[in-house]
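Undergrad: Next comes the structure file protein_2.cif, holding mmCIF, C-alpha atoms and all ligand atoms.
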data_data
loop_
_atom_site.label_atom_id
_atom_site.label_comp_id
_atom_site.auth_asym_id
_atom_site.auth_seq_id
_atom_site.Cartn_x
_atom_site.Cartn_y
_atom_site.Cartn_z
CA MET A 16 -23.04 24.69 -0.32
CA LEU A 17 -19.90 23.94 -2.31
CA ARG A 18 -21.10 21.80 -5.23
CA PHE A 19 -18.56 19.34 -6.63
CA GLY A 20 -18.40 17.55 -9.93
CA VAL A 21 -16.38 14.33 -9.54
CA VAL A 22 -14.29 13.10 -12.48
CA GLY A 23 -13.43 9.40 -12.39
CA THR A 24 -15.32 6.66 -10.57
CA GLY A 25 -12.39 4.52 -9.38
CA ARG A 26 -11.50 3.55 -5.82
CA ILE A 27 -9.91 6.89 -4.91
CA SER A 28 -13.13 8.77 -5.73
CA ASP A 29 -15.04 6.30 -3.51
CA TRP A 30 -12.52 6.82 -0.71
CA VAL A 31 -12.50 10.62 -0.78
CA LEU A 32 -16.27 10.92 -0.93
CA LYS A 33 -16.47 9.22 2.48
CA GLY A 34 -14.38 12.10 3.82
CA ALA A 35 -16.26 14.76 1.85
CA ALA A 36 -19.53 13.44 3.31
CA GLN A 37 -18.34 14.46 6.79
CA ASP A 38 -18.23 18.16 5.84
CA SER A 39 -21.80 19.47 5.73
CA ARG A 40 -20.74 22.27 3.34
CA ILE A 41 -19.95 19.79 0.52
CA ALA A 42 -22.42 18.47 -2.07
CA VAL A 43 -21.78 16.34 -5.16
CA THR A 44 -24.02 17.52 -8.00
CA ALA A 45 -22.31 15.83 -10.97
CA VAL A 46 -20.28 12.72 -11.74
CA CYS A 47 -18.27 12.27 -14.92
CA SER A 48 -17.15 8.86 -16.12
CA ARG A 49 -16.05 7.40 -19.44
CA THR A 50 -19.24 5.33 -19.29
CA SER A 51 -22.67 6.25 -17.93
CA GLU A 52 -22.93 2.72 -16.44
CA ALA A 53 -19.88 3.34 -14.22
CA ALA A 54 -21.22 6.76 -13.22
CA LYS A 55 -24.59 5.24 -12.32
CA ALA A 56 -22.94 2.49 -10.23
CA PHE A 57 -20.80 5.14 -8.47
CA ILE A 58 -23.87 7.21 -7.63
CA ASP A 59 -25.67 4.13 -6.34
CA ARG A 60 -22.87 3.27 -3.89
CA ASN A 61 -22.09 6.85 -2.74
CA PRO A 62 -24.94 8.51 -0.80
CA LEU A 63 -23.29 11.94 -1.10
CA ALA A 64 -23.69 11.71 -4.90
CA LYS A 65 -27.24 10.34 -4.88
CA ASP A 66 -28.72 13.36 -6.70
CA ALA A 67 -25.78 13.91 -9.06
CA LYS A 68 -26.18 14.41 -12.79
CA ILE A 69 -24.26 12.01 -15.02
CA TYR A 70 -21.76 13.21 -17.62
CA THR A 71 -19.51 11.24 -19.94
CA SER A 72 -17.65 14.37 -21.10
CA VAL A 73 -15.54 16.64 -18.90
CA ASP A 74 -16.09 19.45 -21.43
CA GLU A 75 -19.83 19.29 -20.78
CA MET A 76 -19.61 18.86 -17.02
CA VAL A 77 -17.46 21.97 -16.54
CA LEU A 78 -20.21 24.06 -18.19
CA ASP A 79 -22.82 22.94 -15.63
CA PRO A 80 -23.90 26.05 -13.64
CA GLU A 81 -24.74 23.79 -10.68
CA VAL A 82 -21.10 22.75 -10.35
CA ASP A 83 -18.72 25.07 -8.43
CA ALA A 84 -15.65 22.84 -8.21
CA ILE A 85 -14.18 19.74 -9.85
CA TYR A 86 -12.47 16.86 -8.06
CA VAL A 87 -10.03 15.13 -10.43
CA GLY A 88 -9.67 11.47 -9.40
CA THR A 89 -8.31 10.05 -12.65
CA PRO A 90 -4.85 8.77 -13.71
CA ASN A 91 -1.92 11.19 -13.60
CA GLN A 92 -1.71 11.80 -17.36
CA THR A 93 -5.23 13.32 -17.31
CA HIS A 94 -4.72 15.77 -14.41
CA CYS A 95 -3.42 18.68 -16.47
CA GLU A 96 -6.00 18.36 -19.26
CA TYR A 97 -9.02 18.08 -16.95
CA THR A 98 -7.78 20.78 -14.57
CA LEU A 99 -7.24 23.24 -17.43
CA LYS A 100 -10.73 22.56 -18.79
CA ALA A 101 -12.25 23.18 -15.36
CA LEU A 102 -10.24 26.32 -14.57
CA ASN A 103 -10.90 27.80 -18.01
CA ALA A 104 -14.62 27.30 -17.37
CA GLY A 105 -14.33 29.15 -14.03
CA LYS A 106 -14.48 26.09 -11.74
CA HIS A 107 -12.27 25.55 -8.69
CA VAL A 108 -10.17 22.36 -8.77
CA LEU A 109 -9.13 19.79 -6.17
CA CYS A 110 -6.74 17.54 -8.10
CA GLU A 111 -5.28 14.18 -7.01
CA LYS A 112 -1.58 13.75 -6.38
CA PRO A 113 0.80 14.24 -8.04
CA LEU A 114 -0.63 17.51 -9.34
CA ALA A 115 0.71 16.78 -12.82
CA LEU A 116 3.02 14.50 -14.77
CA ASN A 117 5.87 17.00 -14.67
CA ALA A 118 6.77 20.57 -13.69
CA ALA A 119 5.97 21.97 -17.15
CA GLU A 120 2.37 20.78 -16.82
CA GLY A 121 2.23 21.97 -13.21
CA ARG A 122 3.29 25.50 -14.25
CA ARG A 123 0.54 25.62 -16.89
CA MET A 124 -2.06 24.57 -14.31
CA ILE A 125 -0.90 27.15 -11.77
CA GLU A 126 -0.83 29.92 -14.39
CA ALA A 127 -4.37 28.94 -15.47
CA ALA A 128 -5.53 29.03 -11.83
CA LYS A 129 -4.08 32.52 -11.36
CA ALA A 130 -5.63 33.74 -14.63
CA SER A 131 -9.06 32.31 -13.76
CA GLY A 132 -9.15 33.56 -10.16
CA CYS A 133 -10.16 30.03 -9.10
CA LEU A 134 -8.78 27.88 -6.29
CA LEU A 135 -6.42 25.09 -7.34
CA MET A 136 -5.21 22.64 -4.67
CA GLU A 137 -3.42 19.30 -4.86
CA ALA A 138 -5.30 16.61 -2.91
CA MET A 139 -2.26 15.67 -0.83
CA VAL A 140 -3.73 14.19 2.36
CA SER A 141 -0.50 13.90 4.35
CA THR A 142 0.11 17.60 4.98
CA LEU A 143 -3.51 18.35 5.93
CA ASN A 144 -3.62 15.54 8.49
CA PRO A 145 -4.02 16.98 12.03
CA ASN A 146 -1.38 14.64 13.50
CA PHE A 147 1.17 15.89 10.94
CA ARG A 148 0.13 19.48 11.64
CA ALA A 149 0.52 18.97 15.40
CA LEU A 150 4.13 17.88 14.88
CA ALA A 151 4.80 20.69 12.42
CA ASP A 152 3.67 23.16 15.11
CA ARG A 153 6.36 21.75 17.45
CA ILE A 154 9.37 21.97 15.14
CA ALA A 155 10.65 25.09 16.91
CA THR A 156 10.91 23.08 20.16
CA ILE A 157 13.53 20.71 18.67
CA ALA A 158 15.33 23.24 16.45
CA PRO A 159 17.74 23.41 14.84
CA VAL A 160 16.50 20.56 12.66
CA ARG A 161 19.32 18.33 11.44
CA GLN A 162 17.47 15.58 9.57
CA TYR A 163 14.09 14.62 8.03
CA SER A 164 13.66 10.92 7.23
CA SER A 165 10.58 9.42 5.64
CA TYR A 166 9.52 6.08 4.19
CA PHE A 167 6.57 4.88 2.15
CA CYS A 168 7.31 1.29 1.16
CA GLN A 169 4.37 -0.96 0.45
CA TYR A 170 4.48 -4.22 -1.50
CA SER A 171 1.98 -3.61 -4.29
CA SER A 172 -0.87 -6.04 -4.96
CA LYS A 173 -0.15 -5.37 -8.67
CA TYR A 174 3.58 -6.22 -8.45
CA GLU A 175 3.26 -9.98 -9.15
CA ALA A 176 1.27 -9.19 -12.30
CA LEU A 177 3.89 -6.62 -13.30
CA LYS A 178 6.56 -9.32 -13.13
CA ARG A 179 4.44 -11.33 -15.59
CA GLY A 180 4.31 -8.32 -17.92
CA GLU A 181 0.84 -7.04 -16.99
CA VAL A 182 1.15 -3.32 -16.28
CA ALA A 183 -1.44 -1.76 -13.93
CA THR A 184 -2.17 2.00 -14.08
CA SER A 185 -0.06 2.63 -11.00
CA PHE A 186 3.03 1.16 -12.74
CA LYS A 187 2.53 2.71 -16.20
CA PRO A 188 5.89 3.81 -17.61
CA GLY A 189 6.06 7.57 -18.05
CA THR A 190 2.87 8.36 -16.14
CA ALA A 191 2.96 6.46 -12.83
CA GLY A 192 5.53 4.21 -11.06
CA ALA A 193 6.66 4.07 -7.45
CA LEU A 194 7.88 7.67 -7.15
CA ARG A 195 4.68 9.29 -8.43
CA ASP A 196 2.49 6.74 -6.69
CA VAL A 197 4.01 6.52 -3.19
CA GLY A 198 7.37 8.36 -3.14
CA VAL A 199 5.52 11.65 -3.54
CA TYR A 200 4.14 11.19 -0.01
CA THR A 201 7.65 11.32 1.44
CA LEU A 202 8.64 14.31 -0.72
CA TYR A 203 5.62 16.57 -0.35
CA PRO A 204 5.69 16.99 3.47
CA MET A 205 9.46 17.56 3.30
CA VAL A 206 9.03 20.40 0.80
CA ALA A 207 6.04 21.82 2.68
CA LEU A 208 8.13 22.01 5.88
CA PHE A 209 11.61 22.83 4.61
CA GLY A 210 11.27 24.05 1.02
CA LYS A 211 13.19 22.72 -1.97
CA PRO A 212 16.56 21.09 -1.21
CA SER A 213 19.69 22.43 -2.87
CA ARG A 214 21.27 18.99 -3.53
CA ILE A 215 19.76 15.64 -4.60
CA GLN A 216 21.35 12.18 -4.87
CA ALA A 217 19.19 9.16 -5.64
CA ASN A 218 18.94 5.49 -6.57
CA ILE A 219 15.95 4.44 -8.65
CA GLN A 220 15.24 0.73 -9.25
CA THR A 221 13.33 -0.12 -12.42
CA ILE A 222 11.73 -3.06 -14.22
CA THR A 223 11.48 -3.36 -17.98
CA THR A 224 7.88 -4.08 -18.94
CA PRO A 225 6.27 -4.65 -22.36
CA GLU A 226 5.16 -0.99 -22.14
CA GLY A 227 8.56 0.47 -21.21
CA ILE A 228 10.59 1.04 -18.06
CA SER A 229 8.70 1.37 -14.78
CA ASP A 230 10.32 2.65 -11.57
CA VAL A 231 9.42 0.29 -8.72
CA GLN A 232 11.45 1.56 -5.77
CA GLY A 233 13.91 4.29 -4.90
CA SER A 234 15.76 6.20 -2.24
CA ALA A 235 17.20 9.70 -2.08
CA CYS A 236 19.49 11.83 0.05
CA LEU A 237 18.66 15.50 -0.18
CA GLY A 238 20.77 18.34 1.15
CA TYR A 239 19.74 21.62 2.78
CA ASP A 240 21.88 24.16 4.55
CA GLY A 241 22.53 22.57 7.94
CA MET A 242 20.25 19.57 7.49
CA ASP A 243 19.69 16.62 5.23
CA ALA A 244 16.80 14.38 4.30
CA VAL A 245 16.72 10.63 3.70
CA LEU A 246 13.75 9.18 1.81
CA ALA A 247 12.80 5.68 0.64
CA TRP A 248 9.77 4.56 -1.32
CA SER A 249 8.85 1.24 -2.81
CA LYS A 250 6.20 -0.97 -4.33
CA THR A 251 8.44 -4.06 -4.06
CA TYR A 252 8.80 -4.42 -0.26
CA ASP A 253 7.12 -3.29 2.94
CA SER A 254 8.75 -1.06 5.52
CA PHE A 255 7.54 -0.18 9.00
CA GLN A 256 9.95 2.73 9.51
CA PRO A 257 8.30 5.85 10.90
CA THR A 258 8.86 9.36 9.59
CA GLU A 259 11.09 11.43 11.85
CA ILE A 260 12.23 15.02 12.16
CA ALA A 261 15.44 15.03 14.19
CA GLY A 262 16.70 18.20 15.81
CA GLU A 263 19.42 19.12 18.26
CA LYS A 264 16.84 19.47 21.04
CA GLY A 265 14.76 16.37 20.31
CA ASN A 266 12.84 14.28 17.81
CA LEU A 267 9.36 14.34 16.33
CA ILE A 268 7.98 11.00 15.13
CA LEU A 269 4.99 10.10 12.95
CA ASP A 270 3.91 6.47 12.66
CA GLU A 271 3.21 6.78 8.91
CA ILE A 272 3.64 9.64 6.50
CA HIS A 273 0.74 8.92 4.12
CA ILE A 274 -1.97 9.00 6.78
CA ALA A 275 -0.46 9.67 10.21
CA ARG A 276 -2.41 8.24 13.13
CA LYS A 277 0.12 8.83 15.90
CA ALA A 278 2.51 11.70 16.62
CA GLU A 279 5.17 11.56 19.34
CA ILE A 280 7.92 13.79 20.67
CA VAL A 281 11.19 12.74 22.30
CA PRO A 282 12.95 15.61 24.09
CA HIS A 283 16.72 15.43 23.89
CA ALA A 284 18.17 13.95 27.07
CA ALA A 285 21.64 14.50 28.55
CA PRO A 286 24.39 12.66 26.63
CA THR A 287 24.84 9.15 28.11
CA SER A 288 27.70 7.51 26.17
CA GLY A 289 25.20 4.80 25.25
CA GLN A 290 24.89 3.23 28.72
CA GLY A 291 22.08 5.24 30.30
CA PRO A 292 18.30 4.82 29.91
CA LYS A 293 16.80 5.66 26.53
CA PRO A 294 14.73 8.86 26.56
CA GLY A 295 10.98 8.21 26.65
CA ARG A 296 8.51 9.13 23.92
CA THR A 297 5.64 11.46 24.79
CA LEU A 298 2.41 11.15 22.86
CA VAL A 299 1.39 14.36 21.10
CA CYS A 300 -1.81 13.01 19.53
CA GLU A 301 -3.28 9.74 18.35
CA GLY A 302 -6.17 8.71 16.08
CA LEU A 303 -8.16 10.78 13.62
CA PRO A 304 -11.50 12.26 14.67
CA PHE A 305 -12.70 12.31 11.04
CA ASN A 306 -12.20 10.16 7.95
CA GLU A 307 -8.65 10.63 6.62
CA TYR A 308 -9.90 12.34 3.44
CA TYR A 309 -12.20 14.76 5.30
CA TYR A 310 -9.31 17.14 5.92
CA GLU A 311 -8.62 17.97 2.26
CA PHE A 312 -12.28 18.86 1.71
CA LYS A 313 -12.34 20.89 4.92
CA GLU A 314 -9.24 22.83 3.79
CA PHE A 315 -10.76 23.38 0.33
CA ALA A 316 -14.12 24.57 1.71
CA ASP A 317 -12.41 26.82 4.30
CA LEU A 318 -10.38 28.47 1.53
CA ILE A 319 -13.48 29.03 -0.62
CA GLU A 320 -15.31 30.56 2.35
CA LYS A 321 -12.39 32.92 2.92
CA GLY A 322 -12.13 33.78 -0.79
CA LEU A 323 -8.56 32.41 -0.95
CA LYS A 324 -7.12 30.94 -4.15
CA GLU A 325 -4.38 28.81 -2.65
CA SER A 326 -3.74 26.65 0.41
CA SER A 327 -0.77 27.69 2.55
CA TRP A 328 -0.06 24.01 3.32
CA ASN A 329 -0.70 22.50 -0.11
CA SER A 330 0.56 25.60 -1.89
CA HIS A 331 1.19 26.00 -5.61
CA GLN A 332 4.90 26.43 -4.91
CA THR A 333 5.09 23.19 -2.89
CA SER A 334 3.30 21.24 -5.64
CA LEU A 335 5.59 22.76 -8.27
CA SER A 336 8.81 22.13 -6.30
CA VAL A 337 7.76 18.50 -5.77
CA LEU A 338 7.20 18.10 -9.53
CA GLU A 339 10.61 19.64 -10.21
CA ILE A 340 12.22 17.12 -7.84
CA ILE A 341 10.29 14.24 -9.49
CA ASP A 342 11.52 15.44 -12.90
CA GLU A 343 15.09 15.44 -11.61
CA LEU A 344 14.80 12.02 -9.94
CA LEU A 345 13.30 10.36 -13.03
CA ASP A 346 15.54 12.16 -15.54
N1 LIG B 401 -4.88 10.28 -2.19
C1 LIG B 401 -4.70 8.97 -2.17
O1 LIG B 401 -4.62 8.34 -1.10
C2 LIG B 401 -4.62 8.25 -3.48
C3 LIG B 401 -4.69 6.87 -3.50
C4 LIG B 401 -4.69 6.22 -4.75
C5 LIG B 401 -4.58 6.97 -5.91
N2 LIG B 401 -4.47 8.32 -5.85
C6 LIG B 401 -4.38 9.11 -7.09
O2 LIG B 401 -5.65 9.04 -7.71
C7 LIG B 401 -5.50 9.06 -9.12
C8 LIG B 401 -6.22 7.86 -9.70
O3 LIG B 401 -5.57 6.70 -9.24
P1 LIG B 401 -6.25 5.27 -9.32
O4 LIG B 401 -5.27 4.28 -8.87
O5 LIG B 401 -7.59 5.34 -8.65
O6 LIG B 401 -6.43 5.13 -10.92
P2 LIG B 401 -7.44 4.26 -11.78
O7 LIG B 401 -8.20 3.34 -10.89
O8 LIG B 401 -6.69 3.68 -12.91
O9 LIG B 401 -8.40 5.38 -12.41
C9 LIG B 401 -9.37 6.04 -11.64
C10 LIG B 401 -10.56 6.32 -12.53
O10 LIG B 401 -10.20 7.23 -13.56
C11 LIG B 401 -10.91 6.89 -14.74
N3 LIG B 401 -9.92 6.57 -15.77
C12 LIG B 401 -9.14 5.49 -15.88
N4 LIG B 401 -8.33 5.58 -16.95
C13 LIG B 401 -8.63 6.75 -17.53
C14 LIG B 401 -8.12 7.42 -18.65
N5 LIG B 401 -7.15 6.89 -19.39
N6 LIG B 401 -8.62 8.60 -18.94
C15 LIG B 401 -9.60 9.14 -18.19
N7 LIG B 401 -10.12 8.55 -17.09
C16 LIG B 401 -9.61 7.37 -16.76
C17 LIG B 401 -11.76 5.67 -14.44
O11 LIG B 401 -13.06 6.13 -14.07
P3 LIG B 401 -14.23 6.00 -15.15
O12 LIG B 401 -14.29 4.56 -15.53
O13 LIG B 401 -15.39 6.47 -14.36
O14 LIG B 401 -13.90 6.89 -16.30
C18 LIG B 401 -11.06 5.08 -13.25
O15 LIG B 401 -11.90 4.31 -12.44
C19 LIG B 401 -4.00 9.06 -9.41
O16 LIG B 401 -3.59 10.37 -9.69
C20 LIG B 401 -3.39 8.57 -8.12
O17 LIG B 401 -2.08 9.10 -7.91
C21 LIG B 401 -4.52 8.97 -4.66
#
What is this structure when it is put down as structure tokens?

TA:
Amino acid sequence: MLRFGVVGTGRISDWVLKGAAQDSRIAVTAVCSRTSEAAKAFIDRNPLAKDAKIYTSVDEMVLDPEVDAIYVGTPNQTHCEYTLKALNAGKHVLCEKPLALNAAEGRRMIEAAKASGCLLMEAMVSTLNPNFRALADRIATIAPVRQYSSYFCQYSSKYEALKRGEVATSFKPGTAGALRDVGVYTLYPMVALFGKPSRIQANIQTITTPEGISDVQGSACLGYDGMDAVLAWSKTYDSFQPTEIAGEKGNLILDEIHIARKAEIVPHAAPTSGQGPKPGRTLVCEGLPFNEYYYEFKEFADLIEKGLKESSWNSHQTSLSVLEIIDELLD
């Protein structure tokens, strides 16, 4: 069994444990919260954690010999600190997105992982989703790729309160905001597929709050040799645009980038001057056989079984390049 200690008892830890519960190799043997009451309530509502020990200190939990790995499900400004504590104690780490607040922190975490010989992986669901992977496998069929476009625009339930000056964690200036919260989902798959772009142009919209300036929406054009990328992210409006990889020989389309449930391919048809029939979409795959968060635990457990220290999909370099782009966009 791979025995996890969970840090943080918020909604994301509840969500991911439903996925973890579908992999019979995963156990939860410890839960760490700022209060033992919250840890107890979390254990009561999560059957996978029913036998977990309660900790109110990460320092103590990482010394538990019955914990092999730590899941970090706490706000972004804590990721680096908790990950370093775990790695330095010889525990593997699955850390929520974004891996860190900035690239400097990300580098420290990756160096600590290499020094410890432990696995460190960002819990980025999008790139481990089988529908995304099915499209990624077909990129050669539409090559050369000319454009990647991706959108994650979702009117936030906390936005009205933000306008009144109440700042939720996901809008905290300097630690969260739209780019780190949702924009990262458009960036990460792009970097995983195509690497780091050589040129970046962006518009970032902000709101001044009593706690400082919070970014609430943005868009970016990113340049590669021979292709470009167009991204938009927002917590101020909804968008129903799919994510698309456009190539000279066809198009690959995902219904949503965060958690893709449908992947389609459109082979390039003969040029029609706009009058002929539109080319039809062919379904590649639809639906998810497992809970959407199962796949990150499966990847993590597979890597541990193989003795690997890094995921090839959610690699250290991809996490670091994404943080470098975030640094540049928010500069
Ligand atoms: N993968 C996804 O789909 C997804 C979705 C949403 C969020 N996320 C990521 O998950 C992380 C948490 O986001 P969230 O919206 O769930 O945040 P949150 O609700 O504010 O915090 C999650 C939990 O962390 C603990 N916590 C809160 N503030 C803390 C602090 N200052 N120091 C230490 N612990 C603190 C609390 O648990 P205790 O009371 O038990 O200490 C809280 O319930 C973020 O990195 C976010 O980007 C991922």

Undergrad: My list of candidates is A:Asn266, A:Asn218, A:Ser327, A:Ser334. Which is closest to Glu111 in chain A when distances are computed with only C-alpha atoms?

TA: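 Nearest to Glu111 in chain A: A:Ser334.
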
Undergrad: Counting all atoms listed in the file, which of A:Pro113, A:Gly233, A:Gly238, A:Gly180 gets nearest to ligand LIG 401 (chain B)?

TA: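 Of A:Pro113, A:Gly233, A:Gly238, A:Gly180, the one nearest ligand LIG 401 (chain B) is A:Pro113, counting all atoms listed in the file.
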
Undergrad: All residues within 7 Å of ligand LIG 401 (chain B) are required, counting all atoms listed in the file; please report them as a PDB file with C-alpha atoms, keeping the file's coordinate frame.

TA:
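Listing of selection39.pdb after writing:
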ATOM      1  CA  VAL A  22     -14.290  13.100 -12.480  1.00  0.00           C
ATOM      2  CA  GLY A  23     -13.430   9.400 -12.390  1.00  0.00           C
ATOM      3  CA  THR A  24     -15.320   6.660 -10.570  1.00  0.00           C
ATOM      4  CA  GLY A  25     -12.390   4.520  -9.380  1.00  0.00           C
ATOM      5  CA  ARG A  26     -11.500   3.550  -5.820  1.00  0.00           C
ATOM      6  CA  ILE A  27      -9.910   6.890  -4.910  1.00  0.00           C
ATOM      7  CA  CYS A  47     -18.270  12.270 -14.920  1.00  0.00           C
ATOM      8  CA  SER A  48     -17.150   8.860 -16.120  1.00  0.00           C
ATOM      9  CA  ARG A  49     -16.050   7.400 -19.440  1.00  0.00           C
ATOM     10  CA  THR A  50     -19.240   5.330 -19.290  1.00  0.00           C
ATOM     11  CA  ALA A  53     -19.880   3.340 -14.220  1.00  0.00           C
ATOM     12  CA  ALA A  54     -21.220   6.760 -13.220  1.00  0.00           C
ATOM     13  CA  GLY A  88      -9.670  11.470  -9.400  1.00  0.00           C
ATOM     14  CA  THR A  89      -8.310  10.050 -12.650  1.00  0.00           C
ATOM     15  CA  PRO A  90      -4.850   8.770 -13.710  1.00  0.00           C
ATOM     16  CA  ASN A  91      -1.920  11.190 -13.600  1.00  0.00           C
ATOM     17  CA  THR A  93      -5.230  13.320 -17.310  1.00  0.00           C
ATOM     18  CA  GLU A 111      -5.280  14.180  -7.010  1.00  0.00           C
ATOM     19  CA  LYS A 112      -1.580  13.750  -6.380  1.00  0.00           C
ATOM     20  CA  PRO A 113       0.800  14.240  -8.040  1.00  0.00           C
ATOM     21  CA  ALA A 138      -5.300  16.610  -2.910  1.00  0.00           C
ATOM     22  CA  MET A 139      -2.260  15.670  -0.830  1.00  0.00           C
ATOM     23  CA  VAL A 140      -3.730  14.190   2.360  1.00  0.00           C
ATOM     24  CA  THR A 184      -2.170   2.000 -14.080  1.00  0.00           C
ATOM     25  CA  SER A 185      -0.060   2.630 -11.000  1.00  0.00           C
ATOM     26  CA  ARG A 195       4.680   9.290  -8.430  1.00  0.00           C
ATOM     27  CA  ASP A 196       2.490   6.740  -6.690  1.00  0.00           C
TER      28      ASP A 196
END

Undergrad: Quote the spacing between CA of Asp270 in chain A and CA of Phe209 in chain A in Å to one decimal place.

TA: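 Rounded to one decimal, the two atoms are 19.8 Å apart.
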
Undergrad: Please measure the separation of CA of Glu175 in chain A and CA of Lys250 in chain A, giving the value in Å to one decimal.

TA: 10.6 Å

Undergrad: Which of these residues is nearest to Arg276 in chain A, using all atoms listed in the file: A:Glu307, A:Glu259, A:Asp253, A:Asp79?

TA: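 So, comparing all the options, the nearest one is A:Glu307.
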
Undergrad: Excluding Gln232 in chain A and residues on its chain fewer than 4 positions from it, collect all residues at most 7 Å away from it, counting only C-alpha atoms, and give them as an mmCIF file with C-alpha atoms, in the frame of the given file.

TA:
data_model
loop_
_atom_site.group_PDB
_atom_site.id
_atom_site.type_symbol
_atom_site.label_atom_id
_atom_site.label_comp_id
_atom_site.auth_asym_id
_atom_site.auth_seq_id
_atom_site.Cartn_x
_atom_site.Cartn_y
_atom_site.Cartn_z
ATOM 1 C CA ALA A 193 6.660 4.070 -7.450
ATOM 2 C CA ILE A 219 15.950 4.440 -8.650
ATOM 3 C CA GLN A 220 15.240 0.730 -9.250
ATOM 4 C CA TRP A 248 9.770 4.560 -1.320
ATOM 5 C CA SER A 249 8.850 1.240 -2.810
ATOM 6 C CA LYS A 250 6.200 -0.970 -4.330
ATOM 7 C CA THR A 251 8.440 -4.060 -4.060
#
